[in-house]
Structures are given as structure tokens and as C-alpha cells.
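Q: Pasting protein-v1.cif below, which is mmCIF, C-alpha atoms.
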```cif
data_run
loop_
_atom_site.group_PDB
_atom_site.id
_atom_site.type_symbol
_atom_site.label_atom_id
_atom_site.label_comp_id
_atom_site.auth_asym_id
_atom_site.auth_seq_id
_atom_site.Cartn_x
_atom_site.Cartn_y
_atom_site.Cartn_z
ATOM 1 C CA MET A 1 -70.666 54.207 12.552
ATOM 2 C CA ILE A 2 -70.088 57.684 13.915
ATOM 3 C CA SER A 3 -70.752 60.850 11.961
ATOM 4 C CA VAL A 4 -70.769 64.573 12.719
ATOM 5 C CA GLN A 5 -72.454 66.237 9.770
ATOM 6 C CA GLN A 6 -74.484 69.194 8.563
ATOM 7 C CA GLN A 7 -76.872 67.243 6.353
ATOM 8 C CA ASP A 8 -80.003 65.581 7.679
ATOM 9 C CA PHE A 9 -80.235 61.822 8.123
ATOM 10 C CA ASN A 10 -82.901 59.282 7.276
ATOM 11 C CA GLN A 11 -84.012 57.271 10.321
ATOM 12 C CA GLN A 12 -85.273 54.365 8.222
ATOM 13 C CA VAL A 13 -81.986 54.051 6.326
ATOM 14 C CA GLU A 14 -80.020 54.077 9.586
ATOM 15 C CA TYR A 15 -82.376 51.512 11.125
ATOM 16 C CA GLU A 16 -81.997 49.210 8.103
ATOM 17 C CA ARG A 17 -78.190 49.431 8.369
ATOM 18 C CA LEU A 18 -78.438 48.176 11.934
ATOM 19 C CA ARG A 19 -81.046 45.563 11.061
ATOM 20 C CA CYS A 20 -78.856 43.816 8.493
ATOM 21 C CA GLN A 21 -76.426 42.633 11.186
ATOM 22 C CA SER A 22 -76.487 38.961 12.100
ATOM 23 C CA SER A 23 -77.418 37.630 15.557
ATOM 24 C CA ILE A 24 -79.447 40.660 16.597
ATOM 25 C CA GLY A 25 -82.622 40.359 18.600
ATOM 26 C CA ALA A 26 -83.222 44.030 19.369
ATOM 27 C CA ILE A 27 -82.679 47.476 17.931
ATOM 28 C CA VAL A 28 -83.223 50.581 20.026
ATOM 29 C CA THR A 29 -83.045 54.042 18.484
ATOM 30 C CA PHE A 30 -83.295 57.580 19.771
ATOM 31 C CA THR A 31 -83.757 60.721 17.697
ATOM 32 C CA GLY A 32 -83.426 64.177 19.215
ATOM 33 C CA LEU A 33 -85.175 67.196 17.674
ATOM 34 C CA VAL A 34 -84.887 70.981 17.952
ATOM 35 C CA ARG A 35 -87.573 72.130 20.401
ATOM 36 C CA ASP A 36 -89.652 75.238 19.841
ATOM 37 C CA ILE A 37 -89.397 76.252 23.489
ATOM 38 C CA ASN A 38 -86.616 76.183 26.076
ATOM 39 C CA ASP A 39 -86.668 77.570 29.592
ATOM 40 C CA GLY A 40 -90.084 79.071 28.888
ATOM 41 C CA GLN A 41 -88.904 81.044 25.847
ATOM 42 C CA ALA A 42 -89.952 80.491 22.229
ATOM 43 C CA VAL A 43 -87.041 79.271 20.101
ATOM 44 C CA SER A 44 -86.842 79.923 16.349
ATOM 45 C CA ASP A 45 -83.617 78.044 15.565
ATOM 46 C CA LEU A 46 -80.484 76.461 16.964
ATOM 47 C CA SER A 47 -76.863 76.688 15.901
ATOM 48 C CA LEU A 48 -74.549 73.810 16.820
ATOM 49 C CA GLU A 49 -70.772 74.135 16.720
ATOM 50 C CA HIS A 50 -68.088 71.550 17.396
ATOM 51 C CA TYR A 51 -64.355 71.043 17.362
ATOM 52 C CA PRO A 52 -63.629 68.787 14.343
ATOM 53 C CA GLY A 53 -61.496 65.786 15.165
ATOM 54 C CA MET A 54 -61.887 66.169 18.918
ATOM 55 C CA THR A 55 -65.659 65.714 18.694
ATOM 56 C CA GLU A 56 -65.447 62.505 16.664
ATOM 57 C CA LYS A 57 -62.804 61.095 19.027
ATOM 58 C CA CYS A 58 -65.057 61.848 21.987
ATOM 59 C CA LEU A 59 -67.996 60.077 20.309
ATOM 60 C CA VAL A 60 -65.820 57.025 19.609
ATOM 61 C CA ASP A 61 -64.781 56.983 23.281
ATOM 62 C CA ILE A 62 -68.407 57.168 24.450
ATOM 63 C CA VAL A 63 -69.412 54.252 22.210
ATOM 64 C CA GLU A 64 -66.382 52.229 23.356
ATOM 65 C CA LYS A 65 -67.419 52.765 26.988
ATOM 66 C CA ALA A 66 -70.889 51.463 26.141
ATOM 67 C CA LYS A 67 -69.415 48.432 24.342
ATOM 68 C CA ALA A 68 -67.363 47.632 27.427
ATOM 69 C CA ARG A 69 -70.528 47.522 29.553
ATOM 70 C CA TRP A 70 -73.090 45.897 27.258
ATOM 71 C CA HIS A 71 -73.150 43.437 24.381
ATOM 72 C CA ILE A 72 -73.485 45.678 21.342
ATOM 73 C CA ILE A 73 -73.405 44.107 17.895
ATOM 74 C CA ALA A 74 -73.612 47.385 15.965
ATOM 75 C CA SER A 75 -74.098 51.053 16.729
ATOM 76 C CA THR A 76 -74.735 54.309 14.924
ATOM 77 C CA VAL A 77 -74.261 57.797 16.307
ATOM 78 C CA ILE A 78 -75.039 60.758 14.061
ATOM 79 C CA HIS A 79 -74.892 64.303 15.410
ATOM 80 C CA ARG A 80 -75.679 67.292 13.257
ATOM 81 C CA VAL A 81 -73.961 70.663 13.395
ATOM 82 C CA GLY A 82 -74.706 74.002 11.761
ATOM 83 C CA GLN A 83 -77.923 75.970 11.626
ATOM 84 C CA LEU A 84 -81.059 73.951 12.467
ATOM 85 C CA SER A 85 -84.711 74.925 12.556
ATOM 86 C CA VAL A 86 -87.433 73.919 14.992
ATOM 87 C CA THR A 87 -88.348 70.214 14.587
ATOM 88 C CA ASP A 88 -85.135 69.463 12.649
ATOM 89 C CA GLN A 89 -83.378 66.263 13.664
ATOM 90 C CA ILE A 90 -80.240 66.847 15.735
ATOM 91 C CA VAL A 91 -79.043 63.441 16.846
ATOM 92 C CA PHE A 92 -79.587 59.769 16.102
ATOM 93 C CA VAL A 93 -78.369 56.922 18.286
ATOM 94 C CA GLY A 94 -79.065 53.361 17.228
ATOM 95 C CA ILE A 95 -77.993 50.197 19.015
ATOM 96 C CA ALA A 96 -78.300 46.625 17.759
ATOM 97 C CA SER A 97 -77.856 43.842 20.299
ATOM 98 C CA GLN A 98 -78.951 40.297 20.986
ATOM 99 C CA HIS A 99 -81.161 41.445 23.841
ATOM 100 C CA ARG A 100 -83.369 44.491 24.446
ATOM 101 C CA GLY A 101 -81.925 45.207 27.896
ATOM 102 C CA ASP A 102 -78.448 45.782 26.490
ATOM 103 C CA ALA A 103 -79.825 47.821 23.583
ATOM 104 C CA PHE A 104 -81.964 50.076 25.803
ATOM 105 C CA ALA A 105 -79.232 50.618 28.399
ATOM 106 C CA ALA A 106 -76.505 51.304 25.832
ATOM 107 C CA CYS A 107 -78.681 53.768 23.914
ATOM 108 C CA GLU A 108 -79.599 55.679 27.066
ATOM 109 C CA PHE A 109 -75.984 55.640 28.296
ATOM 110 C CA ILE A 110 -74.687 57.040 24.997
ATOM 111 C CA MET A 111 -77.303 59.814 24.953
ATOM 112 C CA ASP A 112 -76.578 60.749 28.568
ATOM 113 C CA TYR A 113 -72.872 61.020 27.791
ATOM 114 C CA LEU A 114 -73.517 62.940 24.558
ATOM 115 C CA LYS A 115 -75.551 65.529 26.479
ATOM 116 C CA THR A 116 -72.830 66.093 29.063
ATOM 117 C CA GLU A 117 -69.433 65.082 27.687
ATOM 118 C CA ALA A 118 -69.391 65.626 23.922
ATOM 119 C CA PRO A 119 -67.824 68.926 22.781
ATOM 120 C CA PHE A 120 -70.805 70.579 21.118
ATOM 121 C CA TRP A 121 -71.785 74.192 21.678
ATOM 122 C CA LYS A 122 -75.404 75.220 21.193
ATOM 123 C CA LYS A 123 -76.690 78.716 20.574
ATOM 124 C CA GLU A 124 -80.428 79.329 20.454
ATOM 125 C CA THR A 125 -82.111 82.156 18.627
ATOM 126 C CA MET A 126 -85.323 83.234 20.273
ATOM 127 C CA GLU A 127 -88.375 84.428 18.351
ATOM 128 C CA ASN A 128 -87.580 87.976 19.510
ATOM 129 C CA GLY A 129 -84.167 87.752 17.770
ATOM 130 C CA GLN A 130 -82.061 87.464 20.903
ATOM 131 C CA THR A 131 -79.480 84.696 21.066
ATOM 132 C CA LYS A 132 -78.088 82.760 23.988
ATOM 133 C CA TRP A 133 -75.609 79.952 24.474
ATOM 134 C CA VAL A 134 -77.180 76.896 26.044
ATOM 135 C CA ASP A 135 -75.463 75.797 29.236
ATOM 136 C CA ALA A 136 -75.325 72.228 30.451
ATOM 137 C CA ARG A 137 -78.282 71.409 32.666
ATOM 138 C CA GLU A 138 -77.829 70.279 36.226
ATOM 139 C CA SER A 139 -80.441 67.588 35.576
ATOM 140 C CA ASP A 140 -78.267 66.149 32.767
ATOM 141 C CA GLN A 141 -75.331 65.891 35.168
ATOM 142 C CA LYS A 142 -77.525 64.169 37.754
ATOM 143 C CA THR A 143 -78.758 61.716 35.127
ATOM 144 C CA LEU A 144 -75.176 60.940 34.157
ATOM 145 C CA SER A 145 -74.315 60.044 37.754
ATOM 146 C CA LYS A 146 -76.457 56.904 37.550
ATOM 147 C CA TRP A 147 -73.822 55.389 35.249
ATOM 148 C CA ALA A 148 -70.965 55.888 37.727
ATOM 149 C CA GLU A 149 -69.106 52.695 38.327
#
```
Could you express the structure from this file as C-alpha cells?
A:
Amino acid sequence: MISVQQQDFNQQVEYERLRCQSSIGAIVTFTGLVRDINDGQAVSDLSLEHYPGMTEKCLVDIVEKAKARWHIIASTVIHRVGQLSVTDQIVFVGIASQHRGDAFAACEFIMDYLKTEAPFWKKETMENGQTKWVDARESDQKTLSKWAE
């Protein structure tokens, strides 16, 4: 399942959806949250924008790449958009597989690609009221390079 949505998600519900699959031996999940600090500045909230249709297609492509590399029985990717506050959930990635190695690797792979390839635009509002668009980090690009074939 892939969803780009404004509403929050329930981690336990998403976990249970993955857990009800047959033949699984491992579930790995990741949940990303809005931080209260970035680049040494206090953040009050985050606005996430996307390009509807293109974003979902990109997420499907990322999951398909993971499925081509690892044995994935089921997966869930939820990414929120809109106005989010500090500590709000942004993203959920869940992978169900027969083995933990595949589940861990696929989950990390999907998150690395989400951070660098998915068409989301983030704008932070600082506690002083200033706003700034968040650029891709060089460290995220370096992390992505470990998946090069």
C-alpha cells in the first residue's frame, strides 16, 4: 500500500495490516517525525508539498525497485503532506518478509530513496517566524550511493 495524505496514521494499525500476511517471519518499520531543530535552528513547524500523481508514481517505482532486490511479502509507504507540527509523524515505511535481512535492507533502501528521489518539497518555519525551503543534504546523497548496482 502506498498513500500520500494529510491525515495522521496509526503505526499499530499499519503494523497489524502487515502482520496478517502469510509466510512472514519479520516486519521492519520506520517512522519519521518533524524535528524541533534543524541546522542548529529551532523549528516550529514544517510544510510539505508534492506533485499529485507524480509523487505516487515515484513511490510505486521505489517500492518496485526494492521488490526486485529483496523478497518482500508486503509493504506500506505512507507520506504525509500539508502543515505539520514538531513531533508529528511524517512518514511510515513497513516491510514484511520471510527474513529480517530482507526486511531491514528493503526498509532502509526505501527510506534512502524517499529522502533523495521522491518529489516532496519541505519548508520549515523557524521559531523566529522566518521560513526556508529545505534542500537535499549531501549526506543523504552519499547514503544513497551505497545502493548503486
Q: Step by step, work through what the PyMOL selection byres ((chain A and resi 38) around 12) selects in the shown file, and finish by giving those residues as a count of residues only.
A: 23
Q: For Arg80 (chain A), which residue among A:Phe30, A:Tyr51, A:Phe9, A:Trp147 is the nearest when counting only C-alpha atoms?
A: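 Once distances to Arg80 (chain A) are computed over only C-alpha atoms, the minimum belongs to A:Phe9.
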Q: Run the PyMOL selection byres ((chain A and resi 104-107) around 9) against the file shown and list the residues it catches, as an NGL selection string.
A: :A and (26-30 or 63 or 66-67 or 69-72 or 75 or 93-95 or 99-103 or 108-112)
Q: For each of A:Lys65, A:His79, A:Arg19, A:Lys115, take the minimum atom-to-atom distance to His50 (chain A), counting only C-alpha atoms, then give the residue where this is smallest.
A: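 Once distances to His50 (chain A) are computed over only C-alpha atoms, the minimum belongs to A:His79.
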Q: Which of these residues is nearest to Leu144 (chain A), using all atoms listed in the file: A:Thr55, A:Thr116, A:Ser97, A:Thr87?
A: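 Looking only at the distances to Leu144 (chain A), the closest residue turns out to be A:Thr116.
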Q: With only C-alpha atoms as the atoms that count, which of A:Leu48, A:Met1, A:Tyr15, A:Gly129 lies nearest to Leu84 (chain A)?
A: A:Leu48
Q: How many Å separate CA of Arg17 (chain A) from CA of Tyr113 (chain A)?
A: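 Going from CA of Arg17 (chain A) over to CA of Tyr113 (chain A), I get 23.2 Å.
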Q: So how far away is CA of Thr143 (chain A) from CA of Glu14 (chain A), in Å?
A: 26.7 Å
Q: As a list in words, please: the residues near Ser22 (chain A) (cut-off 10 Å, all atoms listed in the file, same-chain neighbours under 6 positions excluded).
A: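 Contacts, in chain order: Ile73, Ala74, Ala96, Ser97 and Gln98 of chain A.
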Q: If I take CA of Glu49 (chain A) and CA of Gln130 (chain A), how far is one from the other in Å, to one decimal?
A: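 If I compute the distance from CA of Glu49 (chain A) to CA of Gln130 (chain A), I get 18.0 Å.
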Q: May I ask which of the residues A:Ala118, A:Val60, A:Val91, A:Val81 is the closest one to Gln5 (chain A), counting all atoms listed in the file?
A: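 For Gln5 (chain A), the nearest of the given residues is A:Val81.
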Q: Measuring atom to atom with only C-alpha atoms, identify which of A:Gly82, A:Val77, A:Lys122, A:Asn10 is nearest to Asp61 (chain A).
A: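 Using only C-alpha atoms, Asp61 (chain A) sits closest to A:Val77.
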